[in-house]
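Before any comments, here is the structure.
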Amino acid sequence: MLLRYTGVFACLGFLSLCWAYKVTPIIGDDVYPFVKIGNGYYYIENNKRANWYQAYIACRKMGAELVSFETREELDAMDAYIPIEYSLRQYWTSGTDLAVKGMHVWFSNAEPLADDVWYPGEPNDAGGNERCDILIYKGTGGTAINDRQCDSVELYICEVPLPKEVSFIW
Ligand code: MMA
Ligand code: CA
């Protein structure tokens, strides 16, 4: 009997521990060479161009990933940050359908691309060979994502996956 109650309380104790934590990002302000935009930390490469794979490697060398825009709001925050003179610049993102053709995901976190991040008419897989996703900054269809050939040599944006701190709140 005693053993049974001990077991029950041990389980309840464990469950209450599970419910009583919070997760908070560890870093606060800009951390060179990354800038804080909205809730994310980014490196915007405006000089060196690379194909999608090289761009991914360049980000990995910084301990980062090619950028992902999980929500339209994140993309809008980036749109508000980039100088207006950079209109029509294009920047590689981590978006790709290389794993499953027609299924575009953010390669850095496996989330599917939301419908509202695409440029009007995209993704169109032009020429049947557009597998990597690029941010078009203030094109005639606004700032949004287009699928392009992965070997196209372009600018890119890296994003730091946020380190998180887990703490108990009681
Ligand atoms: C057009 C359009 C896009 C395509 C690019 C390739 C300028 O936009 O067809 O969907 O990805 O061409 O350069
Ligand atoms: Ca396209």
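Following the order of the structure tokens, first chain is A, next is B, and so on, with residues numbered from 1 inside each chain and ligands from 1 in the order they appear.
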
Go through the chains and note each residue within 9 Å of ligand 2, using only C-alpha atoms and all ligand atoms, then give the set as a list in words.
-> Tyr119, Gly121, Glu122, Pro123, Asn124, Asp125, Ala126, Gly127, Glu130, Arg131, Asp133, Ile134, Ile145, Asn146, Asp147, Arg148 and Gln149 of chain A

So which bits of chain A end up strand (DSSP E or B) when you DSSP the backbone, as a ChimeraX atom specification?
-> /A:21-25,31,34-37,40-50,65-66,90-96,105-106,112,118,132-139,142-148,154-159,164-168

Quick one: residues within 8 Å of region 36-52 of chain A, only C-alpha atoms, excluding same-chain residues fewer than 6 positions away - as a tab-separated table (two decimals) with N, CA and C atoms, in the first residue's frame?
chain	number	residue	atom	x	y	z
A	29	ASP	N	20.64	42.01	-26.73
A	29	ASP	CA	20.80	42.99	-27.80
A	29	ASP	C	21.54	42.40	-29.00
A	30	ASP	N	21.94	43.28	-29.94
A	30	ASP	CA	22.71	42.82	-31.10
A	30	ASP	C	23.96	42.07	-30.63
A	67	VAL	N	18.24	31.99	-43.37
A	67	VAL	CA	17.06	32.52	-42.66
A	67	VAL	C	15.77	31.75	-42.95
A	74	GLU	N	7.41	38.06	-39.35
A	74	GLU	CA	8.88	38.02	-39.34
A	74	GLU	C	9.43	38.59	-40.64
A	77	ALA	N	9.06	42.31	-40.61
A	77	ALA	CA	10.08	42.96	-39.77
A	77	ALA	C	11.37	43.11	-40.57
A	78	MET	N	11.72	42.09	-41.34
A	78	MET	CA	12.92	42.16	-42.19
A	78	MET	C	12.73	43.23	-43.27
A	81	TYR	N	13.38	46.59	-42.00
A	81	TYR	CA	14.78	46.81	-41.60
A	81	TYR	C	15.70	47.14	-42.77
A	92	TRP	N	19.04	34.69	-50.47
A	92	TRP	CA	18.67	33.29	-50.21
A	92	TRP	C	18.10	33.14	-48.80
A	132	CYS	N	15.00	26.17	-54.72
A	132	CYS	CA	15.49	26.92	-53.56
A	132	CYS	C	14.79	28.28	-53.50
A	150	CYS	N	18.74	26.63	-57.55
A	150	CYS	CA	19.65	26.63	-56.39
A	150	CYS	C	21.06	27.08	-56.75
A	151	ASP	N	21.46	26.92	-58.04
A	151	ASP	CA	22.83	27.29	-58.39
A	151	ASP	C	22.95	28.77	-58.78
A	152	SER	N	21.86	29.52	-58.67
A	152	SER	CA	21.91	30.94	-58.95
A	152	SER	C	22.75	31.63	-57.86
A	153	VAL	N	23.60	32.55	-58.25
A	153	VAL	CA	24.56	33.16	-57.31
A	153	VAL	C	23.98	34.47	-56.79
A	154	GLU	N	23.68	34.50	-55.50
A	154	GLU	CA	22.86	35.58	-54.92
A	154	GLU	C	23.37	35.97	-53.53
A	155	LEU	N	22.84	37.07	-53.02
A	155	LEU	CA	23.09	37.47	-51.63
A	155	LEU	C	22.33	36.51	-50.71
A	156	TYR	N	22.51	36.65	-49.40
A	156	TYR	CA	21.82	35.74	-48.49
A	156	TYR	C	21.69	36.34	-47.09
A	157	ILE	N	20.79	35.79	-46.32
A	157	ILE	CA	20.60	36.22	-44.93
A	157	ILE	C	20.71	34.98	-44.03
A	158	CYS	N	21.55	35.11	-43.00
A	158	CYS	CA	21.67	34.04	-42.00
A	158	CYS	C	20.87	34.41	-40.76
A	159	GLU	N	20.44	33.41	-40.04
A	159	GLU	CA	19.68	33.62	-38.80
A	159	GLU	C	20.23	32.70	-37.71
A	160	VAL	N	20.40	33.25	-36.52
A	160	VAL	CA	20.91	32.43	-35.40
A	160	VAL	C	19.73	31.71	-34.78
A	161	PRO	N	19.81	30.38	-34.68
A	161	PRO	CA	18.76	29.68	-33.94
A	161	PRO	C	18.88	30.13	-32.48
A	162	LEU	N	17.79	30.58	-31.88
A	162	LEU	CA	17.87	31.20	-30.56
A	162	LEU	C	18.22	30.18	-29.48

To one decimal place, how far is CA of Gly95 (chain A) from CA of Gly141 (chain A) in Å?
->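 Rounded to one decimal, the two atoms are 19.0 Å apart.
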
Write out as a PyMOL selection string which residues come within 9 Å of Asp116 (chain A) when counting only C-alpha atoms, dropping same-chain ones fewer than 2 positions away.
-> chain A and resi 71-72+113-114+118-119+144

Would you mind writing down, as a list in words, each residue of region 32-113 of chain A that DSSP on the backbone assigns to alpha helix (DSSP H)?
->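 Restricting region 32-113 of chain A to alpha helix (DSSP H) produces Trp52, Tyr53, Gln54, Ala55, Tyr56, Ile57, Ala58, Cys59, Arg60, Lys61, Arg72, Glu73, Glu74, Leu75, Asp76, Ala77, Met78, Asp79, Ala80 and Tyr81 of chain A.
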
Selected residues written out with C-alpha atoms, as a compact mmCIF listing (two decimals), in the first residue's frame:
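Result file selection-v4.txt:
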# COMPACT_ATOMS: atom_id res chain seq x y z
CA TRP A 52 22.18 28.29 -52.18
CA TYR A 53 24.52 25.55 -50.93
CA GLN A 54 27.52 27.87 -50.54
CA ALA A 55 25.30 30.39 -48.76
CA TYR A 56 24.14 27.67 -46.37
CA ILE A 57 27.76 26.73 -45.62
CA ALA A 58 28.69 30.40 -45.08
CA CYS A 59 25.91 30.68 -42.47
CA ARG A 60 26.94 27.40 -40.81
CA LYS A 61 30.49 28.74 -40.47
CA ARG A 72 4.50 36.91 -42.42
CA GLU A 73 5.25 39.18 -39.43
CA GLU A 74 8.88 38.02 -39.34
CA LEU A 75 9.18 38.73 -43.04
CA ASP A 76 7.56 42.17 -42.55
CA ALA A 77 10.08 42.96 -39.77
CA MET A 78 12.92 42.16 -42.19
CA ASP A 79 11.21 44.26 -44.88
CA ALA A 80 11.09 47.23 -42.50
CA TYR A 81 14.78 46.81 -41.60

A straight line from CA of Met103 (chain A) to CA of Gly63 (chain A) spans 26.3 Å

Kindly indicate which residue among A:Val105, A:Gln90, A:Phe69, A:Pro112 lies nearest to ligand 1, using only C-alpha atoms and all ligand atoms for the distances.
->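 So, comparing all the options, the nearest one is A:Gln90.
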
Which of A:Phe168, A:Ser68, A:Tyr32, A:Asn129 sits closest to ligand 1 [using only C-alpha atoms and all ligand atoms] =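 Residue with the minimum atom-to-atom distance to ligand 1: A:Asn129.
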